[in-house]
Amino acid sequence: MEQVISCPYCGESQSALVDPENIGVSYVEDCQVCCQPMVLLPQDAGEGMVDLAVMREDE
């Protein structure tokens, strides 16, 4: 599942792939623009939907 996210460092929008089976498991992905490490946390949004929380690595 693909979602559009905003980098918590530079604010640029980009797409991220989310596996609905990994709800609650965080992972780190580098921003495609500024290369800073973003922590992505898939969360259950109900009705088969997934919400992707995006945080700075130092939060």
# chains A, B, ... in the order shown; residues from 1 in each chain; ligands from 1
>>> residues_around(residues="stretch 23-38 of chain A", least_positions_apart="3", cutoff="7 Å", atoms="only C-alpha atoms", output="list in words")
Cys7, Cys10, Pro20, Leu41, Pro42, Gln43, Asp44, Val54, Met55, Arg56 and Glu57 of chain A
>>> write_last_selection(atoms="all heavy atoms", output="CSV table (one decimal), in the first residue's frame")
chain,number,residue,atom,x,y,z
A,7,CYS,N,8.2,14.7,5.1
A,7,CYS,CA,9.4,14.6,5.9
A,7,CYS,C,9.3,15.5,7.1
A,7,CYS,O,9.0,16.7,7.0
A,7,CYS,CB,10.6,14.9,5.1
A,7,CYS,SG,12.2,14.9,6.0
A,10,CYS,N,12.5,18.3,6.5
A,10,CYS,CA,12.5,19.3,5.4
A,10,CYS,C,11.0,19.6,4.9
A,10,CYS,O,10.8,20.6,4.2
A,10,CYS,CB,13.3,18.9,4.2
A,10,CYS,SG,12.7,17.4,3.3
A,20,PRO,N,0.4,-3.6,5.3
A,20,PRO,CA,-0.6,-3.7,6.3
A,20,PRO,C,-0.4,-4.7,7.4
A,20,PRO,O,-0.9,-4.7,8.5
A,20,PRO,CB,-1.9,-3.9,5.5
A,20,PRO,CG,-1.6,-3.6,4.1
A,20,PRO,CD,-0.1,-3.7,4.0
A,41,LEU,N,5.8,4.5,11.4
A,41,LEU,CA,5.1,3.6,12.3
A,41,LEU,C,3.7,3.4,11.7
A,41,LEU,O,2.8,4.3,11.8
A,41,LEU,CB,5.0,4.1,13.7
A,41,LEU,CG,4.2,3.3,14.7
A,41,LEU,CD1,4.7,1.9,14.8
A,41,LEU,CD2,4.1,4.0,16.0
A,42,PRO,N,3.4,2.2,11.0
A,42,PRO,CA,2.1,1.9,10.5
A,42,PRO,C,1.1,1.7,11.7
A,42,PRO,O,1.5,1.0,12.6
A,42,PRO,CB,2.3,0.7,9.7
A,42,PRO,CG,3.7,0.5,9.6
A,42,PRO,CD,4.4,1.2,10.7
A,43,GLN,N,-0.1,2.3,11.6
A,43,GLN,CA,-1.1,2.1,12.7
A,43,GLN,C,-2.4,1.8,12.0
A,43,GLN,O,-2.7,2.2,10.9
A,43,GLN,CB,-1.2,3.4,13.5
A,43,GLN,CG,0.1,3.8,14.1
A,43,GLN,CD,0.0,5.2,14.8
A,43,GLN,OE1,-0.7,6.1,14.3
A,43,GLN,NE2,0.7,5.4,15.9
A,44,ASP,N,-3.2,1.0,12.7
A,44,ASP,CA,-4.5,0.6,12.2
A,44,ASP,C,-5.5,1.8,12.2
A,44,ASP,O,-5.7,2.4,13.3
A,44,ASP,CB,-5.1,-0.6,13.1
A,44,ASP,CG,-6.4,-1.1,12.6
A,44,ASP,OD1,-6.9,-0.7,11.5
A,44,ASP,OD2,-6.9,-2.0,13.2
A,54,VAL,N,4.8,9.5,11.0
A,54,VAL,CA,6.1,9.8,10.6
A,54,VAL,C,6.7,10.7,11.6
A,54,VAL,O,6.2,11.8,12.0
A,54,VAL,CB,6.1,10.5,9.2
A,54,VAL,CG1,7.6,10.8,8.7
A,54,VAL,CG2,5.4,9.7,8.2
A,55,MET,N,7.9,10.3,12.1
A,55,MET,CA,8.6,11.1,13.2
A,55,MET,C,10.1,11.2,12.9
A,55,MET,O,10.6,10.5,12.1
A,55,MET,CB,8.4,10.4,14.5
A,55,MET,CG,7.0,10.2,15.0
A,55,MET,SD,6.8,8.9,16.2
A,55,MET,CE,6.9,7.4,15.2
A,56,ARG,N,10.7,12.2,13.6
A,56,ARG,CA,12.1,12.4,13.5
A,56,ARG,C,12.7,11.2,14.3
A,56,ARG,O,12.1,10.7,15.2
A,56,ARG,CB,12.5,13.7,14.1
A,56,ARG,CG,12.0,14.9,13.4
A,56,ARG,CD,12.2,16.2,14.2
A,56,ARG,NE,13.6,16.5,14.1
A,56,ARG,CZ,14.1,17.6,13.5
A,56,ARG,NH1,13.3,18.5,13.0
A,56,ARG,NH2,15.4,17.9,13.5
A,57,GLU,N,13.9,10.9,14.0
A,57,GLU,CA,14.6,9.8,14.7
A,57,GLU,C,14.9,10.1,16.1
A,57,GLU,O,14.9,9.3,17.0
A,57,GLU,CB,15.9,9.4,13.9
A,57,GLU,CG,16.5,8.1,14.5
A,57,GLU,CD,17.7,7.7,13.7
A,57,GLU,OE1,18.6,8.5,13.4
A,57,GLU,OE2,17.7,6.5,13.3
>>> select_by_dssp(residues="chain A", states="strand (DSSP E)", output="PyMOL selection string")
chain A and resi 2-6+13-17+27-30+37-46+49-56
>>> write_last_selection(atoms="N, CA and C atoms", output="CSV table (one decimal), in the first residue's frame")
chain,number,residue,atom,x,y,z
A,2,GLU,N,0.6,2.2,-0.9
A,2,GLU,CA,1.4,3.4,-1.0
A,2,GLU,C,0.7,4.6,-0.3
A,3,GLN,N,1.5,5.4,0.4
A,3,GLN,CA,0.9,6.5,1.1
A,3,GLN,C,1.9,7.7,0.8
A,4,VAL,N,1.3,8.9,0.8
A,4,VAL,CA,2.1,10.1,0.7
A,4,VAL,C,2.3,10.6,2.1
A,5,ILE,N,3.6,10.9,2.4
A,5,ILE,CA,4.0,11.4,3.7
A,5,ILE,C,4.8,12.7,3.5
A,6,SER,N,5.0,13.4,4.6
A,6,SER,CA,5.8,14.6,4.6
A,6,SER,C,7.0,14.4,5.5
A,13,SER,N,7.0,16.4,0.5
A,13,SER,CA,6.1,15.3,0.3
A,13,SER,C,6.8,14.2,-0.5
A,14,GLN,N,6.5,12.9,-0.2
A,14,GLN,CA,7.1,11.8,-0.9
A,14,GLN,C,6.2,10.6,-0.6
A,15,SER,N,6.4,9.5,-1.4
A,15,SER,CA,5.6,8.3,-1.2
A,15,SER,C,6.4,7.3,-0.4
A,16,ALA,N,5.6,6.5,0.4
A,16,ALA,CA,6.2,5.5,1.1
A,16,ALA,C,5.3,4.2,1.0
A,17,LEU,N,6.0,3.1,0.9
A,17,LEU,CA,5.2,1.8,0.8
A,17,LEU,C,5.0,1.3,2.3
A,27,TYR,N,9.9,1.3,11.6
A,27,TYR,CA,11.1,1.1,10.8
A,27,TYR,C,11.6,2.5,10.3
A,28,VAL,N,12.9,2.5,9.9
A,28,VAL,CA,13.6,3.8,9.6
A,28,VAL,C,13.8,3.8,8.1
A,29,GLU,N,13.4,4.9,7.5
A,29,GLU,CA,13.7,5.1,6.0
A,29,GLU,C,14.2,6.5,5.9
A,30,ASP,N,15.2,6.7,5.0
A,30,ASP,CA,15.8,8.0,4.8
A,30,ASP,C,14.9,8.8,3.8
A,37,PRO,N,17.1,10.5,8.5
A,37,PRO,CA,16.3,9.3,8.9
A,37,PRO,C,15.0,9.6,9.5
A,38,MET,N,13.9,9.1,8.9
A,38,MET,CA,12.5,9.2,9.4
A,38,MET,C,12.1,7.9,10.0
A,39,VAL,N,11.4,7.9,11.1
A,39,VAL,CA,10.8,6.7,11.7
A,39,VAL,C,9.4,6.6,11.2
A,40,LEU,N,9.0,5.5,10.6
A,40,LEU,CA,7.7,5.3,10.1
A,40,LEU,C,7.0,4.2,11.0
A,41,LEU,N,5.8,4.5,11.4
A,41,LEU,CA,5.1,3.6,12.3
A,41,LEU,C,3.7,3.4,11.7
A,42,PRO,N,3.4,2.2,11.0
A,42,PRO,CA,2.1,1.9,10.5
A,42,PRO,C,1.1,1.7,11.7
A,43,GLN,N,-0.1,2.3,11.6
A,43,GLN,CA,-1.1,2.1,12.7
A,43,GLN,C,-2.4,1.8,12.0
A,44,ASP,N,-3.2,1.0,12.7
A,44,ASP,CA,-4.5,0.6,12.2
A,44,ASP,C,-5.5,1.8,12.2
A,45,ALA,N,-6.0,2.1,11.1
A,45,ALA,CA,-7.0,3.2,11.0
A,45,ALA,C,-8.4,2.8,10.9
A,46,GLY,N,-8.6,1.4,11.0
A,46,GLY,CA,-10.0,0.9,10.9
A,46,GLY,C,-10.4,0.6,9.5
A,49,MET,N,-7.9,0.0,6.6
A,49,MET,CA,-7.0,1.1,6.3
A,49,MET,C,-5.8,1.2,7.2
A,50,VAL,N,-4.7,1.8,6.7
A,50,VAL,CA,-3.5,1.9,7.5
A,50,VAL,C,-3.1,3.4,7.6
A,51,ASP,N,-2.8,3.9,8.7
A,51,ASP,CA,-2.3,5.3,8.9
A,51,ASP,C,-0.8,5.2,9.2
A,52,LEU,N,-0.1,6.1,8.6
A,52,LEU,CA,1.4,6.0,8.7
A,52,LEU,C,1.9,7.2,9.5
A,53,ALA,N,2.3,7.0,10.8
A,53,ALA,CA,2.9,8.1,11.6
A,53,ALA,C,4.3,8.3,11.2
A,54,VAL,N,4.8,9.5,11.0
A,54,VAL,CA,6.1,9.8,10.6
A,54,VAL,C,6.7,10.7,11.6
A,55,MET,N,7.9,10.3,12.1
A,55,MET,CA,8.6,11.1,13.2
A,55,MET,C,10.1,11.2,12.9
A,56,ARG,N,10.7,12.2,13.6
A,56,ARG,CA,12.1,12.4,13.5
A,56,ARG,C,12.7,11.2,14.3
